[in-house]
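K.L.:
Below you will find the structure I want to go over with you.
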Amino acid sequence: MLKLRSASLRSAAALLSPAAAAATAPAQPRMHLSTGLQQEHRTFYEFRTYCIRPDQNVAFLKLTNEKIHLRTAHSELIGYWTVEYGGLNKVFHIWKYDSYSQRASVRAALAQDPTWISDYISKALPMLTSQDNEVTYLVPWSHLQKPPQEGGVYEMVSFQMRPGGPAMWGKDFRAAVTAHDAPGYGKLLGAFHNEFGPMNRVHALWWFESADQRAELRHKAHTDARVVAAVRNSVVHLDSQDNKLMFACQFSPLK
């Protein structure tokens with residue numbers, strides 16, 4: 001009798017209209033599709049990382065110092081650094097573009113520039129073992145800034161966040177970064193998020209007077225309850241983190 005009654009109930013449920021069936025179904029969690037603050041500007045920043053053959057590191061930097069003007073004649077260089085800690089025989093540089101069409105025209109012009117090809121790129125490429133690039137935007141609450149003085153060291157901190165986008169982790173990421181910046185545990189020069197390259201990746205570019213000052217400020221930050229709480233809330237969204245300490249090249253606009 002119980003089996004017949006259960007079968008009858010299943011049959012009756014199958015006959016319900018879609019609307020009635022939806023009304024009787026258990027409530028499902030709703031997903032918010034908004035990704036947070038939207039990108040307002042077309043300006044983007046291309047991050048480039050080159051790995052240099054160890055025996056060619058000095059020669060590559062000398063060549064670039066002498067010929068970088070051939071490249072900056074075509075588009076704006078924000079900064080060019082050598083990596084001191086967090087990777088050996090690497091250079092990292094940031095280029096600014098107003099649009100993708102501008103970048104395409106720059107690349108086309110470089111391909112047709114005989115001096116650039118003969119005096120630099122044909123000599124530089126054999127010195128490299130790899131090249132990597134990412135397209136990034138400044139996050140809506142950040143602005144690109146200059147360091148308070150020349151010299152010092154730069155730190156690029158890259159965070160691989162868990163999938164979900166800024167709607168999931170944007171608020172906590174901002175709180176963790178500004179918790180360090182506001183009291184002066186480093187000078188934030190810009191916070192960026194990826195458009196091309198690893199997705200859900202964000203970067204913070206910092207400046208310090210020296211590597212020792214950076215170590216001292218980091219130690220102080222670890223004793224600041226407000227910073228610790230902000231980091232704790234952000235780290236639950238984090239998959240991995242990569243830190244590079246860098247020195248600006250003598251031809252770098254940011255130095």
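Here, A, B, ... name the chains of the structure tokens in the order displayed, residue numbers run from 1 inside each chain, and ligands are numbered from 1 in the same displayed order.
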Report as a PDB file with N, CA and C atoms, in the first residue's frame all protein, DNA and RNA residues lying within 6 Å of Ala176 in chain A, evaluated on only C-alpha atoms, omitting residues in the same chain fewer than 3 positions from it.
P.N.:
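selection36.pdb, freshly written:
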```pdb
ATOM      1  N   PHE A 173      40.190  42.591  -0.904  1.00  0.00           N
ATOM      2  CA  PHE A 173      41.519  42.891  -1.459  1.00  0.00           C
ATOM      3  C   PHE A 173      41.848  44.360  -1.249  1.00  0.00           C
ATOM      4  N   ALA A 179      45.036  48.914   4.017  1.00  0.00           N
ATOM      5  CA  ALA A 179      45.454  48.799   5.416  1.00  0.00           C
ATOM      6  C   ALA A 179      46.965  48.946   5.553  1.00  0.00           C
ATOM      7  N   ALA A 230      42.484  42.741   8.315  1.00  0.00           N
ATOM      8  CA  ALA A 230      42.194  42.959   6.892  1.00  0.00           C
ATOM      9  C   ALA A 230      42.812  41.859   6.038  1.00  0.00           C
ATOM     10  N   VAL A 231      44.034  41.473   6.351  1.00  0.00           N
ATOM     11  CA  VAL A 231      44.701  40.411   5.606  1.00  0.00           C
ATOM     12  C   VAL A 231      43.984  39.083   5.822  1.00  0.00           C
TER      13      VAL A 231
END
```
K.L.:
Name the residues of range 46-254 of chain A that fall into strand (DSSP E or B) according to DSSP on the backbone, using the chain letters and numbers of this document, as number ranges by chain.
P.N.:
A: 46-52, 76-85, 90-97, 128-138, 153-161, 187-196, 201-208, 238-248
K.L.:
What does the distance from CA of Arg162 in chain A to CA of Ser240 in chain A come to in Å, to one decimal?
P.N.:
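Rounded to one decimal, the two atoms are 9.0 Å apart.
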K.L.:
Using only C-alpha atoms, determine which residues lie at most 10 Å from Gly152 in chain A, disregarding the query and same-chain residues fewer than 3 positions distant; provide the list as a ChimeraX atom specification.
P.N.:
/A:147-149,207-211,213-214,246-248,255
K.L.:
Restricting the calculation to only C-alpha atoms, which member of A:Asp242, A:Asp172, A:Glu155, A:Glu46 is positioned closest to Ser99 in chain A?
P.N.:
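Result for the nearest residue to Ser99 in chain A: A:Glu46.
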K.L.:
Between CA of Phe47 in chain A and CA of Ile94 in chain A, what distance in Å does the model show, to one decimal?
P.N.:
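Answer for the CA of Phe47 in chain A to CA of Ile94 in chain A separation: 4.8 Å.
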K.L.:
So which bits of range 28-203 of chain A end up helix (DSSP H, G or I) when you DSSP the backbone, as JSON, numbers by chain?
P.N.:
{"A": [54, 55, 56, 57, 58, 59, 60, 61, 62, 63, 64, 65, 66, 67, 68, 69, 70, 71, 72, 100, 101, 102, 103, 104, 105, 106, 107, 108, 109, 110, 111, 114, 115, 116, 117, 118, 119, 120, 121, 122, 123, 124, 125, 126, 127, 166, 167, 168, 169, 170, 171, 172, 173, 174, 175, 176, 177, 178, 179, 180, 181]}
K.L.:
Could you give me, as a PyMOL selection string, the residues within 9 Å of range 119-136 of chain A, counting only C-alpha atoms and dropping anything in the same chain fewer than 5 positions from it?
P.N.:
chain A and resi 44-57+59-60+63-64+67-68+70+114+192-198+202-203
K.L.:
For those residues, write C-alpha atoms to a file as a short mmCIF file (atom, residue, chain, number, x, y, z; two decimals), in the first residue's frame.
P.N.:
```cif
data_model
loop_
_atom_site.label_atom_id
_atom_site.label_comp_id
_atom_site.auth_asym_id
_atom_site.auth_seq_id
_atom_site.Cartn_x
_atom_site.Cartn_y
_atom_site.Cartn_z
CA PHE A 44 45.66 49.74 -20.02
CA TYR A 45 49.13 48.70 -18.93
CA GLU A 46 51.11 45.89 -20.50
CA PHE A 47 53.34 44.03 -18.05
CA ARG A 48 56.33 42.38 -19.72
CA THR A 49 58.77 39.98 -18.08
CA TYR A 50 61.91 38.86 -19.91
CA CYS A 51 64.20 36.07 -18.74
CA ILE A 52 67.80 36.69 -19.79
CA ARG A 53 70.53 34.15 -20.38
CA PRO A 54 72.74 34.36 -17.29
CA ASP A 55 75.88 34.99 -19.33
CA GLN A 56 74.14 37.80 -21.25
CA ASN A 57 72.55 39.72 -18.39
CA ALA A 59 75.19 42.83 -22.10
CA PHE A 60 71.40 42.93 -22.38
CA LEU A 63 72.23 47.34 -24.96
CA THR A 64 68.80 48.29 -23.63
CA LYS A 67 68.86 51.78 -27.43
CA ILE A 68 65.67 52.10 -25.36
CA LEU A 70 64.21 53.61 -30.20
CA PRO A 114 64.69 49.23 -39.61
CA PHE A 192 46.14 46.47 -11.12
CA HIS A 193 43.90 43.62 -12.25
CA ASN A 194 44.47 41.30 -15.21
CA GLU A 195 42.50 41.37 -18.42
CA PHE A 196 44.77 38.99 -20.36
CA GLY A 197 47.06 36.48 -18.73
CA PRO A 198 46.05 34.53 -15.60
CA VAL A 202 45.73 41.32 -9.11
CA HIS A 203 48.97 43.19 -8.52
#
```
K.L.:
Would you list the contacts of His237 in chain A as a PyMOL selection string, taking every protein, DNA or RNA residue within 12 Å and counting only C-alpha atoms, but skipping same-chain residues closer than 4 positions in sequence?
P.N.:
chain A and resi 159-173+176+200-202+231-233+241
K.L.:
Store the residues picked out above in a file with C-alpha atoms, as a compact mmCIF listing (two decimals), in the first residue's frame.
P.N.:
```
# COMPACT_ATOMS: atom_id res chain seq x y z
CA PHE A 159 47.96 37.67 -6.01
CA GLN A 160 46.19 34.79 -7.71
CA MET A 161 42.67 35.03 -6.34
CA ARG A 162 40.08 32.29 -6.39
CA PRO A 163 37.58 32.35 -9.29
CA GLY A 164 34.62 34.65 -8.84
CA GLY A 165 35.97 38.06 -9.76
CA PRO A 166 35.93 41.34 -7.85
CA ALA A 167 32.33 40.76 -6.74
CA MET A 168 33.69 37.98 -4.54
CA TRP A 169 37.04 39.34 -3.35
CA GLY A 170 37.38 42.96 -4.54
CA LYS A 171 36.28 44.61 -1.30
CA ASP A 172 38.54 42.47 0.89
CA PHE A 173 41.52 42.89 -1.46
CA ALA A 176 44.05 44.55 2.77
CA ASN A 200 41.47 36.63 -11.20
CA ARG A 201 44.99 37.98 -10.78
CA VAL A 202 45.73 41.32 -9.11
CA VAL A 231 44.70 40.41 5.61
CA ARG A 232 42.85 37.57 7.33
CA ASN A 233 39.63 38.54 5.53
CA GLN A 241 51.07 34.94 -4.06
```
K.L.:
Show me, as an MDAnalysis selection string, the residues that have an atom within 6 Å of Leu205 in chain A when counting only C-alpha atoms, minus same-chain residues fewer than 5 positions from it.
P.N.:
chainID A and resid 155:156 189:190
K.L.:
Which polymer residues have any atom within 12 Å of an atom of range 220-229 of chain A, counting only C-alpha atoms, with same-chain residues fewer than 5 positions away left out, as a list in words?
P.N.:
Asp172, Phe173, Arg174, Ala175, Ala176, Val177, Thr178, Ala179, His180, Asp181, Ala182, Pro183, Gly184, Tyr185, Gly186, Gln213, Arg214, Ala215, Ser234, Val235 and Val236 of chain A
K.L.:
Produce a file of the selected residues containing N, CA and C atoms, as a compact mmCIF listing (two decimals), in the first residue's frame.
P.N.:
```txt
# COMPACT_ATOMS: atom_id res chain seq x y z
N ASP A 172 37.55 42.92 -0.09
CA ASP A 172 38.54 42.47 0.89
C ASP A 172 39.96 42.72 0.40
N PHE A 173 40.19 42.59 -0.90
CA PHE A 173 41.52 42.89 -1.46
C PHE A 173 41.85 44.36 -1.25
N ARG A 174 40.89 45.23 -1.54
CA ARG A 174 41.12 46.66 -1.36
C ARG A 174 41.42 46.97 0.11
N ALA A 175 40.67 46.38 1.02
CA ALA A 175 40.88 46.65 2.44
C ALA A 175 42.28 46.20 2.88
N ALA A 176 42.73 45.05 2.38
CA ALA A 176 44.05 44.55 2.77
C ALA A 176 45.16 45.45 2.24
N VAL A 177 45.02 45.93 1.00
CA VAL A 177 46.05 46.80 0.42
C VAL A 177 46.06 48.16 1.11
N THR A 178 44.90 48.77 1.28
CA THR A 178 44.85 50.10 1.88
C THR A 178 45.22 50.06 3.37
N ALA A 179 45.04 48.91 4.02
CA ALA A 179 45.45 48.80 5.42
C ALA A 179 46.96 48.95 5.55
N HIS A 180 47.71 48.54 4.52
CA HIS A 180 49.16 48.74 4.51
C HIS A 180 49.54 50.14 4.04
N ASP A 181 48.80 50.66 3.07
CA ASP A 181 49.18 51.94 2.46
C ASP A 181 48.88 53.12 3.37
N ALA A 182 47.70 53.13 3.97
CA ALA A 182 47.27 54.31 4.74
C ALA A 182 48.22 54.66 5.90
N PRO A 183 48.64 53.70 6.71
CA PRO A 183 49.55 54.07 7.81
C PRO A 183 51.01 54.16 7.39
N GLY A 184 51.31 53.89 6.13
CA GLY A 184 52.68 54.05 5.66
C GLY A 184 53.54 52.82 5.77
N TYR A 185 52.92 51.62 5.69
CA TYR A 185 53.72 50.39 5.65
C TYR A 185 54.15 50.13 4.21
N GLY A 186 54.68 51.15 3.57
CA GLY A 186 55.03 51.10 2.16
C GLY A 186 54.24 52.16 1.41
N GLN A 213 64.35 48.88 5.00
CA GLN A 213 63.16 49.58 5.46
C GLN A 213 61.92 48.75 5.20
N ARG A 214 61.89 48.09 4.05
CA ARG A 214 60.76 47.23 3.73
C ARG A 214 60.60 46.12 4.77
N ALA A 215 61.73 45.50 5.16
CA ALA A 215 61.68 44.44 6.17
C ALA A 215 61.19 44.98 7.51
N SER A 234 41.06 38.85 3.59
CA SER A 234 41.39 38.75 2.17
C SER A 234 42.00 37.40 1.80
N VAL A 235 42.76 36.82 2.70
CA VAL A 235 43.51 35.62 2.37
C VAL A 235 42.60 34.42 2.11
N VAL A 236 41.37 34.45 2.58
CA VAL A 236 40.46 33.34 2.31
C VAL A 236 40.12 33.25 0.83
```
K.L.:
Using only C-alpha atoms for the distances, tell me which of A:Arg42, A:Gln250, A:Leu245, A:Lys62 is nearest to Pro140 in chain A.
P.N.:
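Result for the nearest residue to Pro140 in chain A: A:Arg42.
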K.L.:
Report, in Å to a single decimal, how far apart CA of Cys249 in chain A and CA of Leu188 in chain A are.
P.N.:
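Interatomic distance here is 19.4 Å.
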